[in-house]
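As provided, entry-v3.txt (compact mmCIF, C-alpha atoms) reads as follows.
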# COMPACT_ATOMS: atom_id res chain seq x y z
CA MET A 1 231.68 103.13 53.24
CA LYS A 2 228.84 103.36 55.68
CA ASN A 3 228.67 107.12 55.43
CA SER A 4 228.14 107.26 51.70
CA LYS A 5 225.56 104.49 51.87
CA LEU A 6 223.61 106.44 54.41
CA PHE A 7 224.11 109.64 52.47
CA THR A 8 222.51 108.30 49.29
CA PRO A 9 219.10 107.45 50.79
CA ILE A 10 219.04 110.75 52.70
CA ALA A 11 219.90 112.72 49.58
CA PHE A 12 217.33 110.77 47.63
CA THR A 13 214.65 111.41 50.25
CA LEU A 14 215.46 115.11 50.29
CA MET A 15 215.30 115.29 46.51
CA LEU A 16 211.99 113.48 46.52
CA LEU A 17 210.62 115.83 49.13
CA ALA A 18 211.87 118.80 47.17
CA SER A 19 210.33 117.56 43.93
CA LEU A 20 207.01 116.81 45.60
CA THR A 21 206.72 120.25 47.09
CA ASN A 22 208.54 121.97 44.29
CA GLU A 23 206.54 124.84 42.89
CA ALA A 24 207.65 127.01 40.01
CA GLN A 25 206.69 129.88 42.21
CA GLU A 26 206.38 130.31 45.96
CA PHE A 27 202.88 131.38 46.90
CA GLN A 28 202.44 133.18 50.20
CA PRO A 29 200.00 131.89 52.84
CA LEU A 30 197.25 134.15 54.20
CA ASP A 31 198.63 137.10 56.13
CA LYS A 32 198.16 137.30 59.92
CA SER A 33 197.44 141.00 59.56
CA PRO A 34 195.33 140.83 56.42
CA MET A 35 195.18 143.69 53.99
CA ASP A 36 191.90 145.47 53.59
CA ALA A 37 190.61 148.47 51.68
CA THR A 38 187.96 151.05 52.28
CA SER A 39 186.82 153.76 49.92
CA PHE A 40 184.30 156.55 49.50
CA PRO A 41 181.61 156.40 48.27
CA GLN A 42 181.48 153.12 50.18
CA SER A 43 178.79 151.44 48.07
CA TRP A 44 180.16 148.66 45.88
CA LYS A 45 177.78 149.83 43.18
CA GLU A 46 179.67 153.11 42.89
CA SER A 47 182.89 152.66 40.93
CA ASN A 48 183.49 156.40 40.66
CA LYS A 49 185.47 156.81 43.90
CA LEU A 50 186.78 159.97 45.54
CA ILE A 51 189.22 158.45 48.00
CA ARG A 52 190.51 155.02 48.98
CA ILE A 53 192.92 153.54 51.51
CA ASN A 54 194.63 150.12 51.49
CA TYR A 55 196.04 149.00 54.85
CA GLY A 56 197.07 145.97 56.88
CA ARG A 57 194.87 145.01 59.86
CA PRO A 58 196.83 143.87 62.91
CA GLN A 59 194.86 142.56 65.89
CA LEU A 60 195.33 143.44 69.55
CA LYS A 61 195.84 139.85 70.76
CA ASP A 62 195.95 141.11 74.36
CA ARG A 63 198.57 143.73 73.60
CA SER A 64 198.19 147.42 74.34
CA ILE A 65 197.90 150.15 71.72
CA GLU A 66 200.77 151.94 73.48
CA LYS A 67 202.97 148.96 72.66
CA LEU A 68 201.65 148.36 69.14
CA ALA A 69 201.58 151.97 68.02
CA PRO A 70 203.93 153.82 70.39
CA ALA A 71 203.20 157.47 71.11
CA GLY A 72 205.41 159.98 69.33
CA LYS A 73 206.69 157.55 66.70
CA VAL A 74 205.75 157.48 63.03
CA TRP A 75 203.50 154.46 62.51
CA ARG A 76 202.75 152.66 59.23
CA THR A 77 199.01 152.94 59.97
CA GLY A 78 198.40 149.24 60.25
CA ALA A 79 200.75 146.39 59.45
CA ASN A 80 203.19 145.27 56.76
CA GLU A 81 203.48 147.96 54.07
CA ALA A 82 202.63 151.52 55.03
CA ALA A 83 198.99 152.32 54.31
CA GLU A 84 198.40 153.49 50.74
CA LEU A 85 196.09 156.44 50.18
CA THR A 86 194.60 157.12 46.75
CA LEU A 87 192.97 160.47 46.01
CA TYR A 88 190.96 160.38 42.78
CA VAL A 89 190.39 164.13 43.04
CA ASP A 90 192.36 167.00 44.57
CA MET A 91 191.59 167.27 48.28
CA LYS A 92 192.68 169.25 51.30
CA LEU A 93 194.04 167.92 54.56
CA GLY A 94 193.83 170.76 57.06
CA GLY A 95 194.70 173.80 54.97
CA THR A 96 197.05 171.95 52.62
CA LYS A 97 195.95 171.09 49.11
CA VAL A 98 196.90 167.55 48.07
CA PRO A 99 196.73 166.81 44.32
CA ALA A 100 194.98 163.65 43.12
CA GLY A 101 197.43 160.75 43.24
CA ILE A 102 198.76 157.84 45.27
CA TYR A 103 200.53 158.43 48.60
CA THR A 104 201.64 156.70 51.77
CA PHE A 105 199.62 157.50 54.88
CA TYR A 106 201.28 157.52 58.30
CA LEU A 107 200.04 158.32 61.80
CA ILE A 108 201.92 159.54 64.85
CA PRO A 109 199.96 158.26 67.85
CA GLY A 110 199.69 160.37 70.99
CA GLU A 111 197.79 160.42 74.23
CA LYS A 112 195.53 163.36 73.39
CA GLU A 113 196.02 163.80 69.67
CA TRP A 114 197.26 161.82 66.71
CA THR A 115 199.00 163.34 63.69
CA ALA A 116 198.07 162.24 60.18
CA ILE A 117 200.78 162.43 57.51
CA ILE A 118 200.50 162.21 53.73
CA ASN A 119 203.83 161.42 52.07
CA THR A 120 204.91 160.90 48.46
CA ASP A 121 207.00 157.76 49.11
CA LEU A 122 205.38 154.62 47.74
CA ASN A 123 205.59 150.86 48.21
CA VAL A 124 207.45 151.04 51.50
CA TRP A 125 207.54 148.45 54.24
CA GLY A 126 206.65 149.77 57.66
CA SER A 127 207.84 153.23 58.59
CA TYR A 128 211.53 152.35 58.43
CA PHE A 129 212.01 154.34 55.24
CA TYR A 130 209.87 157.30 56.24
CA LYS A 131 211.38 160.60 55.14
CA GLU A 132 209.88 163.73 56.59
CA GLU A 133 211.09 165.81 53.63
CA ASN A 134 208.66 163.89 51.41
CA ASP A 135 205.62 164.95 53.46
CA VAL A 136 202.85 166.60 51.50
CA ALA A 137 200.52 167.43 54.38
CA ARG A 138 200.16 166.93 58.13
CA LEU A 139 197.22 167.41 60.46
CA SER A 140 196.78 166.73 64.17
CA VAL A 141 193.37 165.51 65.34
CA PRO A 142 192.00 164.86 68.84
CA VAL A 143 191.63 161.35 70.23
CA SER A 144 188.28 160.19 71.53
CA ASN A 145 187.45 157.03 73.40
CA ASN A 146 184.71 154.53 72.73
CA ASN A 147 183.33 151.92 75.12
CA LYS A 148 183.50 149.26 72.46
CA SER A 149 186.92 147.74 71.85
CA LEU A 150 187.89 146.91 68.27
CA GLU A 151 190.15 143.85 68.13
CA ALA A 152 191.36 144.59 64.59
CA PHE A 153 192.71 147.97 63.49
CA SER A 154 189.87 149.48 61.46
CA MET A 155 189.31 152.35 59.07
CA ALA A 156 186.21 153.68 57.33
CA PHE A 157 185.15 156.79 55.43
CA LYS A 158 182.08 158.81 56.25
CA LYS A 159 180.60 161.81 54.49
CA SER A 160 180.98 165.12 56.28
CA ASP A 161 179.51 168.58 55.60
CA ASP A 162 182.42 169.68 53.45
CA GLY A 163 184.09 166.45 52.37
CA VAL A 164 184.78 163.11 53.95
CA HIS A 165 186.15 161.94 57.29
CA LEU A 166 188.58 159.05 57.53
CA HIS A 167 187.69 157.30 60.79
CA ALA A 168 190.27 155.06 62.41
CA GLY A 169 189.69 152.85 65.43
CA TRP A 170 191.63 150.31 67.45
CA GLY A 171 190.92 149.14 70.96
CA ASN A 172 188.92 151.98 72.52
CA ILE A 173 190.71 154.70 70.59
CA ARG A 174 188.96 156.60 67.83
CA ILE A 175 190.20 159.38 65.59
CA ALA A 176 188.61 161.17 62.64
CA ILE A 177 190.69 162.84 59.95
CA PRO A 178 188.85 165.46 57.89
CA PHE A 179 189.49 165.61 54.16
CA THR A 180 187.83 168.55 52.45
CA GLU A 181 187.13 169.06 48.77
CA MET B 1 150.78 152.36 86.97
CA LYS B 2 152.87 149.26 87.09
CA THR B 3 152.95 148.75 83.31
CA THR B 4 154.24 152.25 82.65
CA ARG B 5 157.00 151.83 85.18
CA LEU B 6 158.06 148.54 83.65
CA PHE B 7 157.98 150.09 80.20
CA THR B 8 160.13 153.05 81.31
CA THR B 9 162.68 150.73 82.87
CA ILE B 10 162.88 148.59 79.74
CA ALA B 11 163.14 151.62 77.47
CA PHE B 12 165.86 153.08 79.66
CA ALA B 13 167.79 149.80 79.61
CA PHE B 14 167.62 149.70 75.83
CA MET B 15 168.80 153.29 75.54
CA MET B 16 171.76 152.50 77.79
CA LEU B 17 172.67 149.52 75.63
CA VAL B 18 172.45 151.57 72.47
CA SER B 19 174.50 154.44 73.87
CA PHE B 20 177.23 152.07 75.00
CA ASN B 21 177.55 150.37 71.65
CA VAL B 22 177.18 153.31 69.37
CA ASP B 23 180.13 154.20 67.18
CA ALA B 24 180.08 157.34 65.07
CA GLN B 25 181.23 155.10 62.28
CA LYS B 26 180.54 151.48 61.43
CA PHE B 27 183.79 149.61 61.27
CA ARG B 28 183.80 146.33 59.42
CA GLY B 29 185.28 143.12 60.82
CA LEU B 30 188.05 141.17 59.12
CA ASP B 31 187.08 139.90 55.69
CA THR B 32 186.55 136.16 55.21
CA SER B 33 188.34 136.47 51.85
CA PRO B 34 191.11 138.84 52.91
CA MET B 35 192.73 141.23 50.52
CA ASP B 36 196.41 140.75 49.74
CA ALA B 37 199.05 142.15 47.43
CA ALA B 38 201.78 140.62 45.30
CA SER B 39 204.45 142.77 43.73
CA ILE B 40 207.81 142.65 42.05
CA GLY B 41 210.61 145.12 42.67
CA ARG B 42 210.99 147.21 45.80
CA GLY B 43 210.18 150.84 46.50
CA ASN B 44 210.48 153.07 43.46
CA LYS B 45 211.88 150.13 41.46
CA GLN B 46 208.59 148.28 41.68
CA LEU B 47 207.56 147.04 38.23
CA ALA B 48 204.13 145.65 38.89
CA LYS B 49 201.69 144.88 41.65
CA VAL B 50 198.33 143.17 42.07
CA TYR B 51 195.78 143.79 44.79
CA TYR B 52 193.47 140.82 45.07
CA SER B 53 191.25 139.02 47.54
CA ARG B 54 191.84 135.49 48.69
CA PRO B 55 188.84 133.17 48.91
CA GLN B 56 189.47 129.70 50.31
CA LEU B 57 188.34 126.36 48.90
CA LYS B 58 186.50 125.16 52.02
CA GLY B 59 185.72 121.89 50.30
CA ARG B 60 184.43 123.52 47.11
CA THR B 61 185.53 122.83 43.54
CA ILE B 62 187.17 125.15 41.04
CA GLY B 63 185.29 125.36 37.78
CA GLU B 64 182.00 124.52 39.47
CA ASP B 65 181.09 126.33 42.68
CA LEU B 66 184.18 128.57 42.47
CA ALA B 67 185.55 130.37 39.42
CA PRO B 68 183.09 128.65 37.07
CA TYR B 69 184.46 127.64 33.69
CA GLY B 70 183.55 129.89 30.79
CA LYS B 71 182.44 132.86 32.88
CA VAL B 72 184.23 136.15 33.52
CA TRP B 73 185.68 135.98 37.03
CA ARG B 74 186.87 138.77 39.32
CA THR B 75 190.06 136.73 39.84
CA GLY B 76 189.60 136.38 43.58
CA ALA B 77 186.80 137.75 45.74
CA ASN B 78 185.05 141.03 46.50
CA GLU B 79 186.39 143.73 44.16
CA ALA B 80 187.97 142.66 40.89
CA THR B 81 191.74 142.18 41.09
CA GLN B 82 193.61 145.42 40.52
CA LEU B 83 196.75 145.30 38.38
CA ILE B 84 199.19 148.19 38.65
CA LEU B 85 201.95 148.53 36.06
CA ASN B 86 204.64 151.06 36.88
CA MET B 87 206.06 150.94 33.37
CA ASP B 88 204.69 150.21 29.91
CA MET B 89 204.58 146.45 29.31
CA ASN B 90 203.46 144.01 26.65
CA LEU B 91 201.01 141.17 27.00
CA ASN B 92 200.49 138.86 24.05
CA GLY B 93 201.96 141.44 21.66
CA THR B 94 199.78 144.30 22.91
CA LYS B 95 201.39 147.28 24.59
CA ILE B 96 199.83 148.24 27.93
CA LYS B 97 200.63 151.72 29.23
CA ALA B 98 201.78 152.14 32.83
CA GLY B 99 198.69 152.57 34.99
CA SER B 100 195.97 150.89 36.98
CA TYR B 101 193.73 148.18 35.51
CA SER B 102 191.40 145.38 36.48
CA LEU B 103 192.53 141.83 35.89
CA PHE B 104 189.68 139.54 34.94
CA THR B 105 189.97 135.88 34.02
CA ILE B 106 187.77 133.39 32.23
CA PRO B 107 188.69 130.05 33.82
CA GLY B 108 188.61 126.87 31.79
CA GLU B 109 189.55 123.25 32.19
CA LYS B 110 192.52 123.43 29.82
CA GLU B 111 193.22 127.12 29.52
CA TRP B 112 192.35 130.38 31.21
CA GLU B 113 191.85 133.67 29.44
CA VAL B 114 193.53 136.50 31.32
CA ILE B 115 192.07 139.93 30.57
CA VAL B 116 193.54 143.34 31.38
CA SER B 117 190.68 145.85 31.45
CA SER B 118 190.53 149.62 31.83
CA ASP B 119 187.44 149.33 34.07
CA ILE B 120 188.57 149.92 37.65
CA ASN B 121 187.07 149.97 41.16
CA ASN B 122 184.38 147.50 40.29
CA TRP B 123 182.82 144.92 42.54
CA GLY B 124 183.05 141.40 41.22
CA SER B 125 182.84 141.12 37.47
CA SER B 126 179.89 143.54 37.33
CA GLY B 127 182.02 146.23 35.73
CA TYR B 128 183.41 144.00 33.02
CA LYS B 129 182.80 145.34 29.54
CA LYS B 130 184.39 143.50 26.67
CA GLU B 131 185.07 146.75 24.79
CA ASN B 132 187.27 147.98 27.64
CA THR B 133 189.72 145.11 27.23
CA VAL B 134 193.22 146.50 26.82
CA ALA B 135 194.99 143.18 26.28
CA SER B 136 194.25 139.51 26.79
CA ILE B 137 195.93 136.14 26.49
CA LYS B 138 194.93 132.50 26.73
CA ALA B 139 197.24 130.60 29.05
CA PRO B 140 197.41 126.82 29.46
CA VAL B 141 196.52 125.22 32.79
CA THR B 142 199.12 123.07 34.49
CA MET B 143 198.44 120.89 37.51
CA SER B 144 200.59 120.87 40.63
CA ASP B 145 200.88 118.09 43.20
CA LYS B 146 200.28 120.58 45.93
CA SER B 147 196.84 121.98 46.69
CA LEU B 148 196.56 125.62 47.70
CA GLU B 149 193.63 126.24 50.04
CA ALA B 150 193.66 130.01 49.47
CA PHE B 151 193.57 131.61 46.03
CA SER B 152 197.13 132.84 45.42
CA MET B 153 199.03 135.13 43.10
CA ALA B 154 202.77 135.79 42.83
CA PHE B 155 205.21 137.48 40.50
CA GLU B 156 208.47 135.96 39.31
CA PRO B 157 211.14 137.83 37.36
CA SER B 158 211.84 136.65 33.82
CA ASP B 159 214.63 137.55 31.40
CA ASP B 160 212.71 140.38 29.80
CA GLY B 161 209.82 141.04 32.16
CA VAL B 162 207.71 139.26 34.75
CA HIS B 163 205.64 136.12 35.05
CA LEU B 164 202.39 136.45 36.95
CA HIS B 165 201.54 133.11 38.57
CA ILE B 166 198.01 132.23 39.57
CA GLY B 167 197.34 129.22 41.79
CA TRP B 168 194.35 127.66 43.51
CA ASP B 169 193.90 124.07 44.57
CA LYS B 170 196.12 122.21 42.07
CA VAL B 171 195.44 124.55 39.18
CA ARG B 172 198.32 126.75 38.03
CA VAL B 173 198.24 129.41 35.34
CA ALA B 174 201.08 131.74 34.38
CA VAL B 175 201.14 134.73 32.05
CA THR B 176 204.17 136.73 30.96
CA PHE B 177 204.39 140.49 30.73
CA THR B 178 207.42 141.70 28.77
CA LYS B 179 209.13 145.06 28.95
Could you show the structure in this file as structure tokens?
Amino acid sequence: MKNSKLFTPIAFTLMLLASLTNEAQEFQPLDKSPMDATSFPQSWKESNKLIRINYGRPQLKDRSIEKLAPAGKVWRTGANEAAELTLYVDMKLGGTKVPAGIYTFYLIPGEKEWTAIINTDLNVWGSYFYKEENDVARLSVPVSNNNKSLEAFSMAFKKSDDGVHLHAGWGNIRIAIPFTE
Amino acid sequence: MKTTRLFTTIAFAFMMLVSFNVDAQKFRGLDTSPMDAASIGRGNKQLAKVYYSRPQLKGRTIGEDLAPYGKVWRTGANEATQLILNMDMNLNGTKIKAGSYSLFTIPGEKEWEVIVSSDINNWGSSGYKKENTVASIKAPVTMSDKSLEAFSMAFEPSDDGVHLHIGWDKVRVAVTFTK
């Protein structure tokens, strides 16, 4: 039969292909929105950290912030998994004390102010599983604008008078979230 | 005076430039060896996770210009790889308590030593202290047909725990953590 004759070489080719590319484990390629981390103190020589955040870094690619991080909706603060905030010491966000530990960190974008949220859920993809009842602290901060546009979503810590500010920037938008000791 | 006027104009131009580009905070660009994570189990059922950075071969050779044989390696780039265990696990007969660790390796031609260390938040292998080793194992190297340009890690479930796979170029190393 013609069909079975044809089938054999095809099956054989497929098997060969499979065996050539067969890997005991699938390794993932580099992510389009790569993960990054920033911590305070920022110096790599200082391993005794106060605070750290791990987050994915999406890029604008000619899209608007309004589209990428819509106003009024809980945002994962980056890409892929929700940003992960580690406090190595007890800190305060606004007036709320947050015990040392690992948390998810969300943002609700807005035109004039953005709201920062610390939540006890962990290892969650996006903001699809966000549960408000697991919030630990919330704080709204004003938006400022900068002339320089940042292509990749960016975060950095900077020392303040009474603690540390988490600066976030994307496009022309800048916000600063005060953590106090 | 002409010179003064010119100077003022230049100074003013510079000041304008500076004021336009100034950011209260220096934001860093994307990393050439981006950070990534590999984990097993979702949400609150997550068993283990690694945070690591992913250097790329770019025509260089493992064991020589990258991950030199016989030397403690950060297992990636930038900060040492961070291993997070969400439950107590065993490596090579040693119990490791749930927690956060650094994962160092000593690459070799035939086997790699994989070291779980209690030193954390260290850049490179600078924080490595032998006395802070919690558990270690020597794992044989296998060679794959496929070359991986970027340093890669992945978990795979096993009957009684997880395999942590490490791959770069054609080199593959796997270690098993048991429950």
*List the neighbours of B:Val171 out to 7 Å using all atoms listed in the file; skip same-chain residues closer than 4 positions along the sequence, and give me the result as a list in words.*
Val141, Thr142, Met143, Ser144 and Gly167 of chain B
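Between atom CA of A:Ala37 and atom CA of B:Tyr128 the separation is 20.5 Å.
Restricting the calculation to all atoms listed in the file, the smallest distance between B:Ser125 and any of A:Ile65, A:Asp135, A:Met155, A:Lys45 is found for A:Lys45.
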Go through chain A residue by residue and, counting only C-alpha atoms, keep those with an atom at most 9 Å from chain B; for each kept residue give the shortest atom pair and its distance in Å to one decimal, ordered by chain and increasing number, as CSV.
residue,atom,partner,partner_atom,distance
A:Leu20,CA,B:Asp145,CA,6.7
A:Thr21,CA,B:Lys146,CA,6.6
A:Asn22,CA,B:Lys146,CA,8.5
A:Glu23,CA,B:Ser144,CA,7.5
A:Ala24,CA,B:His165,CA,8.8
A:Gln25,CA,B:Glu156,CA,7.0
A:Glu26,CA,B:Ala154,CA,7.3
A:Phe27,CA,B:Ala154,CA,6.0
A:Gln28,CA,B:Ser152,CA,7.2
A:Pro29,CA,B:Ala150,CA,7.4
A:Leu30,CA,B:Ala150,CA,7.2
A:Asp31,CA,B:Asp36,CA,7.7
A:Pro34,CA,B:Pro34,CA,5.8
A:Met35,CA,B:Met35,CA,4.9
A:Asp36,CA,B:Met35,CA,5.3
A:Ala37,CA,B:Met35,CA,7.6
A:Trp44,CA,B:Trp123,CA,5.7
A:Lys45,CA,B:Trp123,CA,7.1
A:Glu46,CA,B:Asn122,CA,7.8
A:Ser47,CA,B:Asn121,CA,5.0
A:Asn48,CA,B:Asn121,CA,7.4
A:Lys49,CA,B:Asn121,CA,7.5
A:Gly56,CA,B:Asp36,CA,8.9
A:Arg57,CA,B:Leu30,CA,7.9
A:Asp121,CA,B:Gly43,CA,8.1
A:Leu122,CA,B:Gly43,CA,6.2
A:Asn123,CA,B:Gly43,CA,4.9
A:Val124,CA,B:Gly43,CA,5.7
A:Trp125,CA,B:Gly43,CA,8.5
A:Asn146,CA,B:Asp23,CA,7.2
A:Asn147,CA,B:Phe20,CA,6.1
A:Lys148,CA,B:Asn21,CA,6.1
A:Leu150,CA,B:Phe27,CA,8.5
A:Glu151,CA,B:Gly29,CA,8.8
A:Ala152,CA,B:Leu30,CA,7.3
A:Ser154,CA,B:Phe27,CA,6.1
A:Met155,CA,B:Phe27,CA,6.5
A:Ala156,CA,B:Phe27,CA,6.2
A:Phe157,CA,B:Gln25,CA,8.1
A:Lys158,CA,B:Gln25,CA,7.1
A:His167,CA,B:Gln25,CA,7.0
A:Ala168,CA,B:Phe27,CA,8.5
A:Gly169,CA,B:Phe27,CA,7.9
*Sphere at (196.4, 160.4, 75.0), radius 12 Å, counting only C-alpha atoms: residues as a PyMOL selection string*: chain A and resi 65-66+70-72+108-115+141-145+172-175
